[in-house]
file my_file_21.cif (mmCIF, C-alpha atoms)
data_work
loop_
_atom_site.group_PDB
_atom_site.id
_atom_site.type_symbol
_atom_site.label_atom_id
_atom_site.label_comp_id
_atom_site.auth_asym_id
_atom_site.auth_seq_id
_atom_site.Cartn_x
_atom_site.Cartn_y
_atom_site.Cartn_z
ATOM 1 C CA MET K 171 34.220 -4.787 -0.458
ATOM 2 C CA LEU K 172 30.863 -3.930 1.102
ATOM 3 C CA SER K 173 31.523 -0.192 0.824
ATOM 4 C CA GLY K 174 32.353 -0.674 -2.844
ATOM 5 C CA LEU K 175 29.076 -2.486 -3.463
ATOM 6 C CA ILE K 176 27.106 0.223 -1.674
ATOM 7 C CA SER K 177 28.825 2.942 -3.708
ATOM 8 C CA LYS K 178 28.026 1.085 -6.909
ATOM 9 C CA LEU K 179 24.398 0.709 -5.844
ATOM 10 C CA ARG K 180 24.148 4.433 -5.152
ATOM 11 C CA ARG K 181 25.535 5.303 -8.590
ATOM 12 C CA GLN K 182 23.279 2.918 -10.442
ATOM 13 C CA ILE K 183 20.076 2.958 -8.436
ATOM 14 C CA GLY K 184 18.412 5.841 -10.262
ATOM 15 C CA HIS K 185 19.084 4.271 -13.647
ATOM 16 C CA TYR K 186 17.619 0.926 -12.673
ATOM 17 C CA LEU K 187 14.542 2.453 -11.090
ATOM 18 C CA VAL K 188 13.481 4.446 -14.134
ATOM 19 C CA ARG K 189 14.521 2.337 -17.078
ATOM 20 C CA LEU K 190 12.427 -0.414 -18.589
ATOM 21 C CA TRP K 191 13.510 -3.772 -17.248
ATOM 22 C CA PRO K 192 15.083 -6.078 -19.839
ATOM 23 C CA GLY K 193 13.044 -8.515 -21.842
ATOM 24 C CA LYS K 194 9.896 -8.665 -23.891
ATOM 25 C CA SER K 195 6.320 -9.391 -22.977
ATOM 26 C CA SER K 196 4.325 -12.146 -24.660
ATOM 27 C CA THR K 197 3.198 -9.574 -27.240
ATOM 28 C CA GLY K 198 6.775 -8.571 -28.045
ATOM 29 C CA SER K 199 6.595 -5.128 -26.422
ATOM 30 C CA GLU K 200 9.022 -3.874 -23.801
ATOM 31 C CA ARG K 201 8.102 -5.032 -20.314
ATOM 32 C CA ALA K 202 7.881 -2.276 -17.672
ATOM 33 C CA VAL K 203 7.226 -4.702 -14.809
ATOM 34 C CA PRO K 204 10.198 -6.995 -14.173
ATOM 35 C CA ASP K 205 10.180 -10.750 -14.003
ATOM 36 C CA PHE K 206 12.348 -10.907 -10.901
ATOM 37 C CA SER K 207 13.542 -14.413 -11.713
ATOM 38 C CA GLU K 208 15.295 -12.969 -14.780
ATOM 39 C CA LEU K 209 17.133 -10.195 -12.933
ATOM 40 C CA SER K 210 20.857 -10.371 -12.418
ATOM 41 C CA ALA K 211 22.243 -10.562 -8.891
ATOM 42 C CA PHE K 212 23.073 -6.869 -9.072
ATOM 43 C CA GLU K 213 19.582 -5.927 -10.242
ATOM 44 C CA GLN K 214 18.059 -8.044 -7.489
ATOM 45 C CA SER K 215 20.201 -6.147 -4.986
ATOM 46 C CA VAL K 216 19.001 -2.829 -6.386
ATOM 47 C CA ASN K 217 15.391 -3.968 -6.136
ATOM 48 C CA TYR K 218 15.893 -5.115 -2.555
ATOM 49 C CA PHE K 219 17.600 -1.976 -1.260
ATOM 50 C CA ALA K 220 15.486 0.485 -3.270
ATOM 51 C CA ARG K 221 12.069 -1.144 -2.974
ATOM 52 C CA GLU K 222 11.662 -4.111 -0.668
ATOM 53 C CA TYR K 223 13.822 -3.095 2.293
ATOM 54 C CA PRO K 224 12.380 0.442 2.653
ATOM 55 C CA ARG K 225 8.887 -1.065 2.528
ATOM 56 C CA PHE K 226 9.800 -3.522 5.257
ATOM 57 C CA LEU K 227 11.217 -0.766 7.470
ATOM 58 C CA ASP K 228 8.060 1.322 7.035
ATOM 59 C CA ARG K 229 5.808 -1.598 7.848
ATOM 60 C CA LYS K 230 7.880 -2.653 10.829
ATOM 61 C CA MET K 231 7.655 0.834 12.308
ATOM 62 C CA LEU K 232 3.914 0.964 11.606
ATOM 63 C CA ILE K 233 3.320 -2.354 13.357
ATOM 64 C CA GLN K 234 5.372 -1.276 16.352
ATOM 65 C CA LEU K 235 3.315 1.915 16.600
ATOM 66 C CA ALA K 236 0.075 -0.048 16.286
ATOM 67 C CA LEU K 237 1.055 -2.420 19.082
ATOM 68 C CA GLN K 238 1.484 0.558 21.390
ATOM 69 C CA VAL K 239 -2.209 1.290 20.848
ATOM 70 C CA SER K 240 -3.758 -2.196 20.746
ATOM 71 C CA ARG K 241 -2.722 -5.840 20.812
ATOM 72 C CA SER K 242 -5.743 -6.709 18.681
ATOM 73 C CA LEU K 243 -3.702 -6.905 15.503
ATOM 74 C CA GLU K 244 -3.745 -9.245 12.507
ATOM 75 C CA LEU K 245 -0.898 -9.476 9.988
ATOM 76 C CA TYR K 246 -1.411 -11.183 6.639
ATOM 77 C CA GLY K 247 1.093 -12.120 3.975
ATOM 78 C CA PRO K 248 4.354 -14.050 3.739
ATOM 79 C CA GLY K 249 7.360 -13.571 5.952
ATOM 80 C CA TRP K 250 5.920 -12.095 9.132
ATOM 81 C CA ASN K 251 6.352 -15.334 11.074
ATOM 82 C CA MET K 252 10.105 -14.954 10.529
ATOM 83 C CA HIS K 253 10.081 -12.091 13.036
ATOM 84 C CA PRO K 254 9.554 -13.345 16.617
ATOM 85 C CA GLU K 255 8.088 -10.054 17.843
ATOM 86 C CA PHE K 256 5.324 -10.225 15.212
ATOM 87 C CA ARG K 257 4.712 -13.978 15.207
ATOM 88 C CA PRO K 258 1.758 -13.870 17.668
ATOM 89 C CA TYR K 259 -0.146 -11.656 15.236
ATOM 90 C CA THR K 260 0.479 -13.454 11.945
ATOM 91 C CA LYS K 261 -2.527 -15.015 10.228
ATOM 92 C CA GLY K 262 -0.935 -16.447 7.095
ATOM 93 C CA ILE K 263 -1.778 -15.698 3.495
ATOM 94 C CA ILE K 264 -5.217 -14.776 2.193
ATOM 95 C CA ASP K 265 -5.971 -16.991 -0.796
ATOM 96 C CA THR K 266 -9.321 -15.745 -2.100
ATOM 97 C CA GLN K 267 -10.959 -12.428 -2.893
ATOM 98 C CA ILE K 268 -13.926 -13.327 -0.697
ATOM 99 C CA GLU K 269 -11.674 -13.906 2.298
ATOM 100 C CA LEU K 270 -9.801 -10.663 1.632
ATOM 101 C CA LEU K 271 -12.983 -8.593 1.473
ATOM 102 C CA ASP K 272 -14.271 -10.286 4.622
ATOM 103 C CA VAL K 273 -11.140 -9.223 6.485
ATOM 104 C CA TYR K 274 -11.557 -5.648 5.243
ATOM 105 C CA SER K 275 -15.213 -5.462 6.233
ATOM 106 C CA ARG K 276 -14.809 -6.853 9.763
ATOM 107 C CA THR K 277 -11.619 -4.985 10.661
ATOM 108 C CA ARG K 278 -12.083 -1.817 12.673
ATOM 109 C CA ILE K 279 -9.013 -0.163 11.134
ATOM 110 C CA THR K 280 -7.074 -1.286 8.075
ATOM 111 C CA LEU K 281 -3.598 0.218 8.192
ATOM 112 C CA ALA K 282 -2.151 1.241 4.836
ATOM 113 C CA ASN K 283 1.280 2.508 3.905
ATOM 114 C CA ASN K 284 3.454 2.753 0.831
ATOM 115 C CA THR K 285 6.950 4.035 0.199
ATOM 116 C CA HIS K 286 5.989 6.064 -2.878
ATOM 117 C CA GLY K 287 3.083 8.017 -1.399
ATOM 118 C CA LEU K 288 0.549 6.954 -4.038
ATOM 119 C CA GLY K 289 -2.418 5.727 -2.037
ATOM 120 C CA LEU K 290 -4.884 4.886 -4.817
ATOM 121 C CA HIS K 291 -3.876 1.274 -5.298
ATOM 122 C CA SER K 292 -6.033 -1.839 -5.348
ATOM 123 C CA ARG K 293 -5.835 -2.715 -1.647
ATOM 124 C CA THR K 294 -6.975 0.739 -0.552
ATOM 125 C CA LEU K 295 -9.827 0.837 -3.051
ATOM 126 C CA GLU K 296 -10.960 -2.711 -2.251
ATOM 127 C CA CYS K 297 -11.113 -1.936 1.451
ATOM 128 C CA MET K 298 -13.114 1.217 0.836
ATOM 129 C CA ALA K 299 -15.441 -0.582 -1.580
ATOM 130 C CA VAL K 300 -16.787 -2.802 1.207
ATOM 131 C CA GLY K 301 -17.088 0.093 3.652
ATOM 132 C CA GLY K 302 -13.844 -0.609 5.475
ATOM 133 C CA PHE K 303 -11.990 2.121 7.312
ATOM 134 C CA VAL K 304 -8.513 2.972 6.005
ATOM 135 C CA LEU K 305 -5.920 4.704 8.165
ATOM 136 C CA THR K 306 -2.946 5.776 6.079
ATOM 137 C CA HIS K 307 -0.024 8.174 6.259
ATOM 138 C CA LYS K 308 0.079 11.733 5.036
ATOM 139 C CA SER K 309 2.209 12.138 1.912
ATOM 140 C CA PRO K 310 3.602 15.071 -0.088
ATOM 141 C CA HIS K 311 2.219 13.233 -3.131
ATOM 142 C CA ASP K 312 -1.391 13.230 -1.897
ATOM 143 C CA PHE K 313 -2.510 15.721 -4.563
ATOM 144 C CA LYS K 314 -0.547 14.173 -7.427
ATOM 145 C CA PRO K 315 -2.035 11.567 -9.811
ATOM 146 C CA GLY K 316 -2.516 8.430 -7.752
ATOM 147 C CA GLY K 317 -2.523 10.377 -4.496
ATOM 148 C CA MET K 318 -5.282 9.983 -1.937
ATOM 149 C CA GLN K 319 -6.579 13.538 -2.060
ATOM 150 C CA THR K 320 -7.242 13.430 -5.789
ATOM 151 C CA SER K 321 -10.382 11.456 -4.915
ATOM 152 C CA PHE K 322 -10.795 11.417 -1.145
ATOM 153 C CA GLU K 323 -10.726 13.844 1.764
ATOM 154 C CA PRO K 324 -8.891 12.970 4.987
ATOM 155 C CA ASN K 325 -11.125 12.473 8.025
ATOM 156 C CA VAL K 326 -14.110 12.363 5.673
ATOM 157 C CA HIS K 327 -13.328 9.259 3.592
ATOM 158 C CA TYR K 328 -10.298 7.874 5.445
ATOM 159 C CA GLY K 329 -8.107 8.521 8.469
ATOM 160 C CA VAL K 330 -4.653 10.008 8.187
ATOM 161 C CA PHE K 331 -1.575 10.023 10.400
ATOM 162 C CA THR K 332 2.050 11.035 10.629
ATOM 163 C CA PRO K 333 4.622 9.169 12.739
ATOM 164 C CA ASP K 334 4.079 11.780 15.462
ATOM 165 C CA THR K 335 0.262 11.586 15.436
ATOM 166 C CA PHE K 336 -0.269 7.857 14.880
ATOM 167 C CA GLN K 337 -1.113 6.962 18.479
ATOM 168 C CA GLN K 338 -3.581 9.830 18.835
ATOM 169 C CA GLU K 339 -5.318 9.128 15.525
ATOM 170 C CA ALA K 340 -5.491 5.360 16.000
ATOM 171 C CA GLN K 341 -6.977 5.702 19.488
ATOM 172 C CA ARG K 342 -9.420 8.311 18.259
ATOM 173 C CA TRP K 343 -10.803 6.131 15.485
ATOM 174 C CA LEU K 344 -10.814 2.931 17.525
ATOM 175 C CA THR K 345 -13.125 4.533 20.069
ATOM 176 C CA ASP K 346 -15.369 6.347 17.571
ATOM 177 C CA ASP K 347 -17.422 3.482 16.165
ATOM 178 C CA VAL K 348 -20.136 5.708 14.696
ATOM 179 C CA GLY K 349 -17.695 8.096 13.050
ATOM 180 C CA ARG K 350 -15.572 5.265 11.692
ATOM 181 C CA VAL K 351 -18.569 3.563 10.073
ATOM 182 C CA LYS K 352 -19.708 6.837 8.491
ATOM 183 C CA VAL K 353 -16.247 7.394 7.025
ATOM 184 C CA GLY K 354 -16.324 3.895 5.515
ATOM 185 C CA GLN K 355 -19.769 4.484 4.045
ATOM 186 C CA ARG K 356 -18.750 7.785 2.472
ATOM 187 C CA ALA K 357 -15.643 6.190 0.991
ATOM 188 C CA ALA K 358 -17.704 3.341 -0.479
ATOM 189 C CA ALA K 359 -19.973 5.892 -2.149
ATOM 190 C CA ILE K 360 -16.959 7.523 -3.841
ATOM 191 C CA ILE K 361 -15.780 4.113 -5.037
ATOM 192 C CA ARG K 362 -19.162 3.502 -6.671
ATOM 193 C CA GLN K 363 -19.044 6.940 -8.296
ATOM 194 C CA LYS K 364 -15.460 6.940 -9.580
ATOM 195 C CA HIS K 365 -13.474 3.776 -9.044
ATOM 196 C CA CYS K 366 -15.263 0.726 -10.430
ATOM 197 C CA TRP K 367 -13.806 -1.253 -13.322
ATOM 198 C CA HIS K 368 -16.113 0.379 -15.851
ATOM 199 C CA HIS K 369 -14.746 3.770 -14.772
ATOM 200 C CA ARG K 370 -11.192 2.594 -15.453
ATOM 201 C CA ALA K 371 -12.203 1.145 -18.820
ATOM 202 C CA GLN K 372 -13.851 4.425 -19.827
ATOM 203 C CA GLN K 373 -10.817 6.360 -18.639
ATOM 204 C CA ILE K 374 -8.571 4.259 -20.885
ATOM 205 C CA LEU K 375 -10.886 4.777 -23.861
ATOM 206 C CA ASP K 376 -10.969 8.522 -23.229
ATOM 207 C CA ASP K 377 -7.169 8.632 -23.086
ATOM 208 C CA LEU K 378 -6.932 6.760 -26.390
ATOM 209 C CA ASP K 379 -9.185 9.353 -28.010
ATOM 210 C CA LYS K 380 -6.904 12.230 -27.043
#
call {"tool": "encode", "arguments": {"input": "my_file_21.cif", "output": "structure tokens"}}
result
Amino acid sequence: MLSGLISKLRRQIGHYLVRLWPGKSSTGSERAVPDFSELSAFEQSVNYFAREYPRFLDRKMLIQLALQVSRSLELYGPGWNMHPEFRPYTKGIIDTQIELLDVYSRTRITLANNTHGLGLHSRTLECMAVGGFVLTHKSPHDFKPGGMQTSFEPNVHYGVFTPDTFQQEAQRWLTDDVGRVKVGQRAAAIIRQKHCWHHRAQQILDDLDK
């Protein structure tokens, strides 16, 4: 029975990842972002195995690598206290933007990862905006739209690692306080130049004019 379910998931997974999820938005248009409470049991399974579980595996490996370098680690967000090995490092959920930015600004290294390789998401940009140092993984998508190297240069605006180089890179940046601060400052300057809300608004207007 389990093998049959897995086979069905494999056949259907591509379809469910690229199609628009069912339902309408409040404006009546098709909704590209799912309301997970409306998904069928099968669709929830697809979402879990295709999106949530790979993300968990990546993050688990990243935390295990980080703990080999330093025990000074803070984990935020739901669910981490369910894992005994990570429980000593869990700090709960951040409720306010002010608290989030405070964590970014006082943290020596903010670890970032994503399963799709598109690094230019809100958490990365918010951390950089307050001068925080981001250490993230190298990706084959770094030069594609949404990739880190479309706006930033590794080791100039952020740190970069692979699974094989994580320990070396993390130790390097932890001990280089001056270099780490300079990287954060350079990244913040790029945010001010390219990645504020008025830049996004102008980008949308420019796209509409095309």
call {"tool": "residues_around", "arguments": {"input": "my_file_21.cif", "residues": "region 264-280 of chain K", "least_positions_apart": "3", "cutoff": "6 Å", "atoms": "all atoms listed in the file", "output": "list in words"}}
result
Cys297, Val300, Gly302, Phe303 and Val304 of chain K
call {"tool": "residues_near_point", "arguments": {"input": "my_file_21.cif", "point": "(-10.9, 10.0, 0.6)", "cutoff": "8 Å", "atoms": "all atoms listed in the file", "output": "list of chain:residue names"}}
result
K:Met318, K:Gln319, K:Ser321, K:Phe322, K:Glu323, K:Pro324, K:Asn325, K:Val326, K:His327, K:Tyr328, K:Ala357, K:Ile360
call {"tool": "atom_distance", "arguments": {"input": "my_file_21.cif", "atom1": "CA of Gly247 (chain K)", "atom2": "CA of Lys261 (chain K)"}}
result
7.8 Å
call {"tool": "axis_aligned_box", "arguments": {"input": "my_file_21.cif", "around": "region 354-365 of chain K", "padding_each_side": "3 Å", "output": "JSON"}}
result
{"center_x": -16.7, "center_y": 5.6, "center_z": -2.0, "size_x": 12.5, "size_y": 10.4, "size_z": 21.1}
call {"tool": "resolve_selection", "arguments": {"input": "my_file_21.cif", "expression": "the PyMOL selection byres ((chain K and resi 229) around 12)", "output": "VMD selection string"}}
result
chain K and resid 222 to 228 230 to 236 245 250 256 281 to 285 306 to 307 333
call {"tool": "atom_distance", "arguments": {"input": "my_file_21.cif", "atom1": "CA of Phe219 (chain K)", "atom2": "CA of Thr260 (chain K)"}}
result
24.5 Å
call {"tool": "atom_distance", "arguments": {"input": "my_file_21.cif", "atom1": "CA of Cys366 (chain K)", "atom2": "CA of Arg350 (chain K)"}}
result
22.6 Å
call {"tool": "closest_residue", "arguments": {"input": "my_file_21.cif", "among": "K:Tyr246, K:Tyr218, K:Gln355, K:Ile361", "to": "Thr294 (chain K)", "atoms": "all atoms listed in the file"}}
result
K:Ile361
call {"tool": "resolve_selection", "arguments": {"input": "my_file_21.cif", "expression": "the PyMOL selection byres ((chain K and resi 316) around 6)", "output": "MDAnalysis selection string"}}
result
chainID K and resid 288 290 315 317
call {"tool": "decode", "arguments": {"input": "my_file_21.cif", "residues": "region 339-364 of chain K", "atoms": "N, CA and C atoms", "output": "PDB file, in the first residue's frame"}}
result
ATOM      1  N   GLU K 339      34.212  27.670   6.289  1.00  0.00           N
ATOM      2  CA  GLU K 339      33.672  29.011   6.072  1.00  0.00           C
ATOM      3  C   GLU K 339      33.065  29.588   7.348  1.00  0.00           C
ATOM      4  N   ALA K 340      32.345  28.770   8.094  1.00  0.00           N
ATOM      5  CA  ALA K 340      31.741  29.261   9.337  1.00  0.00           C
ATOM      6  C   ALA K 340      32.810  29.678  10.336  1.00  0.00           C
ATOM      7  N   GLN K 341      33.848  28.885  10.496  1.00  0.00           N
ATOM      8  CA  GLN K 341      34.928  29.236  11.417  1.00  0.00           C
ATOM      9  C   GLN K 341      35.658  30.487  10.958  1.00  0.00           C
ATOM     10  N   ARG K 342      35.854  30.591   9.669  1.00  0.00           N
ATOM     11  CA  ARG K 342      36.528  31.767   9.109  1.00  0.00           C
ATOM     12  C   ARG K 342      35.786  33.047   9.452  1.00  0.00           C
ATOM     13  N   TRP K 343      34.474  33.057   9.211  1.00  0.00           N
ATOM     14  CA  TRP K 343      33.710  34.279   9.435  1.00  0.00           C
ATOM     15  C   TRP K 343      33.453  34.548  10.911  1.00  0.00           C
ATOM     16  N   LEU K 344      33.350  33.516  11.711  1.00  0.00           N
ATOM     17  CA  LEU K 344      33.175  33.727  13.151  1.00  0.00           C
ATOM     18  C   LEU K 344      34.372  34.433  13.768  1.00  0.00           C
ATOM     19  N   THR K 345      35.550  34.158  13.262  1.00  0.00           N
ATOM     20  CA  THR K 345      36.764  34.736  13.843  1.00  0.00           C
ATOM     21  C   THR K 345      37.176  36.047  13.187  1.00  0.00           C
ATOM     22  N   ASP K 346      36.553  36.402  12.080  1.00  0.00           N
ATOM     23  CA  ASP K 346      36.909  37.638  11.368  1.00  0.00           C
ATOM     24  C   ASP K 346      35.847  38.701  11.625  1.00  0.00           C
ATOM     25  N   ASP K 347      35.891  39.301  12.807  1.00  0.00           N
ATOM     26  CA  ASP K 347      34.866  40.281  13.168  1.00  0.00           C
ATOM     27  C   ASP K 347      34.871  41.484  12.233  1.00  0.00           C
ATOM     28  N   VAL K 348      36.058  41.997  11.921  1.00  0.00           N
ATOM     29  CA  VAL K 348      36.155  43.183  11.069  1.00  0.00           C
ATOM     30  C   VAL K 348      35.627  42.877   9.671  1.00  0.00           C
ATOM     31  N   GLY K 349      36.065  41.774   9.100  1.00  0.00           N
ATOM     32  CA  GLY K 349      35.616  41.410   7.761  1.00  0.00           C
ATOM     33  C   GLY K 349      34.129  41.155   7.702  1.00  0.00           C
ATOM     34  N   ARG K 350      33.603  40.519   8.732  1.00  0.00           N
ATOM     35  CA  ARG K 350      32.169  40.201   8.771  1.00  0.00           C
ATOM     36  C   ARG K 350      31.332  41.473   8.821  1.00  0.00           C
ATOM     37  N   VAL K 351      31.757  42.443   9.617  1.00  0.00           N
ATOM     38  CA  VAL K 351      31.025  43.708   9.713  1.00  0.00           C
ATOM     39  C   VAL K 351      31.065  44.456   8.381  1.00  0.00           C
ATOM     40  N   LYS K 352      32.217  44.450   7.723  1.00  0.00           N
ATOM     41  CA  LYS K 352      32.331  45.131   6.428  1.00  0.00           C
ATOM     42  C   LYS K 352      31.412  44.499   5.387  1.00  0.00           C
ATOM     43  N   VAL K 353      31.339  43.181   5.391  1.00  0.00           N
ATOM     44  CA  VAL K 353      30.432  42.487   4.467  1.00  0.00           C
ATOM     45  C   VAL K 353      28.992  42.918   4.717  1.00  0.00           C
ATOM     46  N   GLY K 354      28.590  42.968   5.988  1.00  0.00           N
ATOM     47  CA  GLY K 354      27.235  43.405   6.326  1.00  0.00           C
ATOM     48  C   GLY K 354      26.955  44.830   5.893  1.00  0.00           C
ATOM     49  N   GLN K 355      27.941  45.703   6.043  1.00  0.00           N
ATOM     50  CA  GLN K 355      27.766  47.097   5.648  1.00  0.00           C
ATOM     51  C   GLN K 355      27.633  47.231   4.136  1.00  0.00           C
ATOM     52  N   ARG K 356      28.435  46.484   3.405  1.00  0.00           N
ATOM     53  CA  ARG K 356      28.341  46.535   1.939  1.00  0.00           C
ATOM     54  C   ARG K 356      27.004  45.984   1.453  1.00  0.00           C
ATOM     55  N   ALA K 357      26.530  44.930   2.102  1.00  0.00           N
ATOM     56  CA  ALA K 357      25.227  44.380   1.721  1.00  0.00           C
ATOM     57  C   ALA K 357      24.108  45.375   1.992  1.00  0.00           C
ATOM     58  N   ALA K 358      24.172  46.060   3.134  1.00  0.00           N
ATOM     59  CA  ALA K 358      23.152  47.054   3.470  1.00  0.00           C
ATOM     60  C   ALA K 358      23.124  48.179   2.443  1.00  0.00           C
ATOM     61  N   ALA K 359      24.289  48.550   1.931  1.00  0.00           N
ATOM     62  CA  ALA K 359      24.344  49.602   0.914  1.00  0.00           C
ATOM     63  C   ALA K 359      23.636  49.160  -0.363  1.00  0.00           C
ATOM     64  N   ILE K 360      23.796  47.892  -0.754  1.00  0.00           N
ATOM     65  CA  ILE K 360      23.106  47.378  -1.936  1.00  0.00           C
ATOM     66  C   ILE K 360      21.595  47.355  -1.714  1.00  0.00           C
ATOM     67  N   ILE K 361      21.182  47.001  -0.513  1.00  0.00           N
ATOM     68  CA  ILE K 361      19.745  47.014  -0.198  1.00  0.00           C
ATOM     69  C   ILE K 361      19.182  48.411  -0.401  1.00  0.00           C
ATOM     70  N   ARG K 362      19.884  49.414   0.102  1.00  0.00           N
ATOM     71  CA  ARG K 362      19.398  50.801  -0.047  1.00  0.00           C
ATOM     72  C   ARG K 362      19.361  51.226  -1.509  1.00  0.00           C
ATOM     73  N   GLN K 363      20.267  50.696  -2.315  1.00  0.00           N
ATOM     74  CA  GLN K 363      20.336  51.074  -3.723  1.00  0.00           C
ATOM     75  C   GLN K 363      19.294  50.366  -4.592  1.00  0.00           C
ATOM     76  N   LYS K 364      18.952  49.109  -4.230  1.00  0.00           N
ATOM     77  CA  LYS K 364      18.179  48.288  -5.165  1.00  0.00           C
ATOM     78  C   LYS K 364      16.951  47.595  -4.591  1.00  0.00           C
TER      79      LYS K 364
END
